[in-house]
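S.K.: Take this structure first; my questions come after.
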Amino acid sequence: MHIMEGFLPPAHALGWSAASLPFVIWGLRSMQRSVQAQPEQRMLLGVSAAFAFLLSALKLPSVTGSCSHPTGVGLGAMLFGPAAMVPIALVVLLFQALLLAHGGLTTLGANLFSMGIVGPLVSYGVFRLARGLGLGRSGAVFGAACLGDLATYLCTSVQLAWAFPDPVGGMAASLLKFGGIFALTQIPLAVSEGLLTVLVVNAMARFNAAELQGLPLFARRGVQA
Amino acid sequence: MSRRTLMLLAAVLLITALPLCWVAQPTDAAALAEHFGGADAQAQQAIAQLAPHYQPWFSPVLEPASNEIASLLFALQAALGAGVIGFWLGLSVARERAARQVPATAPASDLARPAEPAHPQP
């Protein structure tokens, strides 16, 4: 989902950066607040950040014959809310933009918007909805992580289609093209991310049951390993 | 590890490995070069088709000297993440084991006695 350095026209690059900036401030504040209020959650926050680091470094093969990577940000969004994942995604994207020439500084705003904002928001929303509808923990975690991952790649497709509309078919044709590259490739990867997230949440339920009870989306129903 | 955990891990492994067997190897050289290439690079090509005159207006500050260096840095990123997760899992397993063993090995009287201070006050 990394839009390469310089591959968004200046107006788009600036626009997405401006759109992401308030979320960064919101995320930093929210993270600070939750660590101050519940210092015992630092370990799980660290694990969530580590999970995003690990998963976004793994480029996996897909059925379309190309490779892409999961994002790993759904886990933290479910545990700590979508805001907490914005700074974590920013660190991952900065690392890759500065050292790896993967993504870039001019496209940082757009990439942060897809991976750090849209993905976590969708994961959080799906998880809340699924729990509200009475779905079991594992099913809800799987669906939320999976759909959040897909949402990130759909967002990237929309961003590129908006910047590069098809000369004949317009934005819709362009979206179909970028969607075919990103979203289709991502489906098996999103399933993998969902399964891995379930694994980590299972481990947390077993080893960190007390901490998990202190988190708003896990406390209501009670968590049984 | 429970059976469920193993099944989940096996499923992830299968989902990752199966595309490598399923997707037929292309016969012409150009397609072969892109076989299992990055989706990001494909998007770049799509941009070149849609807007042939588009010129990237900024280039990366630092580019990895080679593919080897790039994979070194990706491995470093994954290792950092996996290291923290491994630390947490190891700590958790040890903590759970310690909690289980204390009541079994220590006599009940030891548990009832208040712990001695590590640094006695003068």
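Within each chain, counting starts at residue 1; across the structure tokens, chains are named A, B, ... in the order shown, with ligands numbered 1 upward in that order.
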Leaving out region 21-35 of chain B and any residue of its chain fewer than 2 positions from it, which residues lie within 7 Å of it when counting only C-alpha atoms, given as a PyMOL selection string?
M.R.: (chain A and resi 63+65-66) or (chain B and resi 18-19+37)
S.K.: Hey, could you make a per-residue contact list for chain A against chain B with 6 Å as the cut-off, showing the nearest pair of atoms and its distance in Å to one decimal, counting only C-alpha atoms, sorted by chain and number, as CSV?
M.R.:
```
residue,atom,partner,partner_atom,distance
A:Glu5,CA,B:Ser59,CA,5.9
A:Gly6,CA,B:Phe58,CA,4.4
A:Phe7,CA,B:Pro56,CA,5.3
A:Val47,CA,B:Ile85,CA,5.7
A:Ala50,CA,B:Gly81,CA,4.0
A:Phe51,CA,B:Gly81,CA,5.9
A:Phe53,CA,B:Gly81,CA,5.1
A:Leu54,CA,B:Ala78,CA,4.2
A:Ala57,CA,B:Ala78,CA,5.5
A:Ser62,CA,B:Pro19,CA,5.5
A:Val63,CA,B:Pro19,CA,4.8
A:Gly65,CA,B:Phe36,CA,4.9
A:Ser66,CA,B:Phe36,CA,3.8
A:Cys67,CA,B:Gly38,CA,4.7
A:Ser68,CA,B:Ala39,CA,5.7
A:Leu100,CA,B:Pro64,CA,5.7
A:Ala101,CA,B:Glu63,CA,5.2
A:Asp166,CA,B:Leu50,CA,5.8
A:Ser192,CA,B:Val12,CA,5.3
A:Phe207,CA,B:Ser92,CA,5.8
```
S.K.: Save the residues we just selected, N, CA and C atoms, as a PDB file, in the first residue's frame?
M.R.:
```
ATOM      1  N   GLU A   5       7.613   7.397  -3.328  1.00  0.00           N
ATOM      2  CA  GLU A   5       8.043   8.797  -3.184  1.00  0.00           C
ATOM      3  C   GLU A   5       7.840   9.571  -4.475  1.00  0.00           C
ATOM      4  N   GLY A   6       7.191  10.735  -4.379  1.00  0.00           N
ATOM      5  CA  GLY A   6       7.008  11.584  -5.546  1.00  0.00           C
ATOM      6  C   GLY A   6       5.893  11.154  -6.474  1.00  0.00           C
ATOM      7  N   PHE A   7       5.176  10.046  -6.153  1.00  0.00           N
ATOM      8  CA  PHE A   7       4.169   9.534  -7.063  1.00  0.00           C
ATOM      9  C   PHE A   7       2.762  10.037  -6.771  1.00  0.00           C
ATOM     10  N   VAL A  47       3.388  -4.709  22.672  1.00  0.00           N
ATOM     11  CA  VAL A  47       3.159  -5.885  21.828  1.00  0.00           C
ATOM     12  C   VAL A  47       2.394  -5.480  20.567  1.00  0.00           C
ATOM     13  N   ALA A  50       4.802  -3.829  18.275  1.00  0.00           N
ATOM     14  CA  ALA A  50       5.715  -4.831  17.733  1.00  0.00           C
ATOM     15  C   ALA A  50       5.034  -5.653  16.643  1.00  0.00           C
ATOM     16  N   PHE A  51       3.758  -5.953  16.860  1.00  0.00           N
ATOM     17  CA  PHE A  51       2.984  -6.736  15.884  1.00  0.00           C
ATOM     18  C   PHE A  51       2.891  -5.978  14.553  1.00  0.00           C
ATOM     19  N   PHE A  53       5.027  -3.683  13.530  1.00  0.00           N
ATOM     20  CA  PHE A  53       6.385  -3.685  12.985  1.00  0.00           C
ATOM     21  C   PHE A  53       6.654  -4.978  12.231  1.00  0.00           C
ATOM     22  N   LEU A  54       6.335  -6.084  12.890  1.00  0.00           N
ATOM     23  CA  LEU A  54       6.620  -7.403  12.325  1.00  0.00           C
ATOM     24  C   LEU A  54       5.824  -7.627  11.044  1.00  0.00           C
ATOM     25  N   ALA A  57       6.593  -5.724   7.822  1.00  0.00           N
ATOM     26  CA  ALA A  57       7.885  -6.008   7.188  1.00  0.00           C
ATOM     27  C   ALA A  57       7.824  -7.267   6.339  1.00  0.00           C
ATOM     28  N   SER A  62       0.888 -13.718  -3.061  1.00  0.00           N
ATOM     29  CA  SER A  62      -0.563 -13.832  -3.133  1.00  0.00           C
ATOM     30  C   SER A  62      -0.991 -14.528  -4.416  1.00  0.00           C
ATOM     31  N   VAL A  63      -2.267 -14.873  -4.492  1.00  0.00           N
ATOM     32  CA  VAL A  63      -2.787 -15.634  -5.634  1.00  0.00           C
ATOM     33  C   VAL A  63      -2.705 -14.863  -6.943  1.00  0.00           C
ATOM     34  N   GLY A  65      -0.111 -13.547  -8.072  1.00  0.00           N
ATOM     35  CA  GLY A  65       1.244 -13.629  -8.605  1.00  0.00           C
ATOM     36  C   GLY A  65       2.086 -12.423  -8.272  1.00  0.00           C
ATOM     37  N   SER A  66       1.640 -11.637  -7.278  1.00  0.00           N
ATOM     38  CA  SER A  66       2.482 -10.540  -6.811  1.00  0.00           C
ATOM     39  C   SER A  66       2.540 -10.592  -5.282  1.00  0.00           C
ATOM     40  N   CYS A  67       3.374  -9.739  -4.715  1.00  0.00           N
ATOM     41  CA  CYS A  67       3.577  -9.765  -3.269  1.00  0.00           C
ATOM     42  C   CYS A  67       3.118  -8.457  -2.649  1.00  0.00           C
ATOM     43  N   SER A  68       2.620  -8.575  -1.424  1.00  0.00           N
ATOM     44  CA  SER A  68       2.288  -7.377  -0.670  1.00  0.00           C
ATOM     45  C   SER A  68       2.410  -7.730   0.811  1.00  0.00           C
ATOM     46  N   LEU A 100      14.442   2.760   3.737  1.00  0.00           N
ATOM     47  CA  LEU A 100      14.245   1.722   2.735  1.00  0.00           C
ATOM     48  C   LEU A 100      13.806   2.240   1.374  1.00  0.00           C
ATOM     49  N   ALA A 101      13.570   3.561   1.269  1.00  0.00           N
ATOM     50  CA  ALA A 101      13.000   4.110   0.044  1.00  0.00           C
ATOM     51  C   ALA A 101      11.721   3.373  -0.325  1.00  0.00           C
ATOM     52  N   ASP A 166      -8.432   7.548 -15.106  1.00  0.00           N
ATOM     53  CA  ASP A 166      -8.243   7.012 -16.457  1.00  0.00           C
ATOM     54  C   ASP A 166      -8.677   8.052 -17.483  1.00  0.00           C
ATOM     55  N   SER A 192      -4.699 -14.041   6.406  1.00  0.00           N
ATOM     56  CA  SER A 192      -3.549 -14.389   7.256  1.00  0.00           C
ATOM     57  C   SER A 192      -3.441 -13.433   8.435  1.00  0.00           C
ATOM     58  N   PHE A 207      -2.605 -15.013  29.055  1.00  0.00           N
ATOM     59  CA  PHE A 207      -1.515 -14.529  29.904  1.00  0.00           C
ATOM     60  C   PHE A 207      -1.801 -13.172  30.532  1.00  0.00           C
TER      61      PHE A 207
END
```
S.K.: Kindly indicate which residue among A:Ser17, A:Gln96, A:Ser138, A:Ser34 lies nearest to Ser56 (chain A), using only C-alpha atoms for the distances.
M.R.: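 Selected residue with least distance to Ser56 (chain A): A:Gln96.
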S.K.: Can you pull out the residues contacting Leu112 (chain A)? Cut-off 12 Å, using only C-alpha atoms, and skip same-chain residues under 4 positions away; I want them as a PyMOL selection string.
M.R.: chain A and resi 1-3+13+16-24+71+73+85-94+97+103-108+116-120+152-153+155-156+159
S.K.: Using only C-alpha atoms, which residue out of A:Ser157, A:Gln213, A:Ser174, A:Ser48 lies closest to Thr197 (chain A)?
M.R.: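 For Thr197 (chain A), the nearest of the candidates is A:Ser48.
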S.K.: DSSP on the backbone, strand (DSSP E or B) only: what residues of region 21-184 of chain A does that give? Format it as a PDB file with C-alpha atoms, in the first residue's frame.
M.R.:
```pdb
ATOM      1  CA  LEU A  60       3.891 -12.313   1.337  1.00  0.00           C
ATOM      2  CA  PRO A  61       3.038 -13.945  -1.993  1.00  0.00           C
ATOM      3  CA  SER A  66       2.482 -10.540  -6.811  1.00  0.00           C
ATOM      4  CA  CYS A  67       3.577  -9.765  -3.269  1.00  0.00           C
ATOM      5  CA  SER A  68       2.288  -7.377  -0.670  1.00  0.00           C
ATOM      6  CA  ASP A 166      -8.243   7.012 -16.457  1.00  0.00           C
TER       7      ASP A 166
END
```
S.K.: State, in Å with one decimal place, the distance from CA of Gly214 (chain A) to CA of Gly81 (chain A).
M.R.: 13.1 Å
S.K.: When distances are computed from only C-alpha atoms, which of A:Met31, A:Ala161, A:Ala210, A:Ala84 shows the smallest separation from Leu8 (chain A)?
M.R.: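 Closest candidate: A:Ala161.
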S.K.: Just how far from CA of Phe127 (chain A) is CA of Phe80 (chain A), in Å to one decimal?
M.R.: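 Result for CA of Phe80 (chain A) versus CA of Phe127 (chain A): 12.1 Å, one decimal.
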S.K.: Could you tell me how far CA of Val198 (chain A) lies from CA of Cys146 (chain A), in Å and to one decimal?
M.R.: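 Answer for the CA of Val198 (chain A) to CA of Cys146 (chain A) separation: 10.3 Å.
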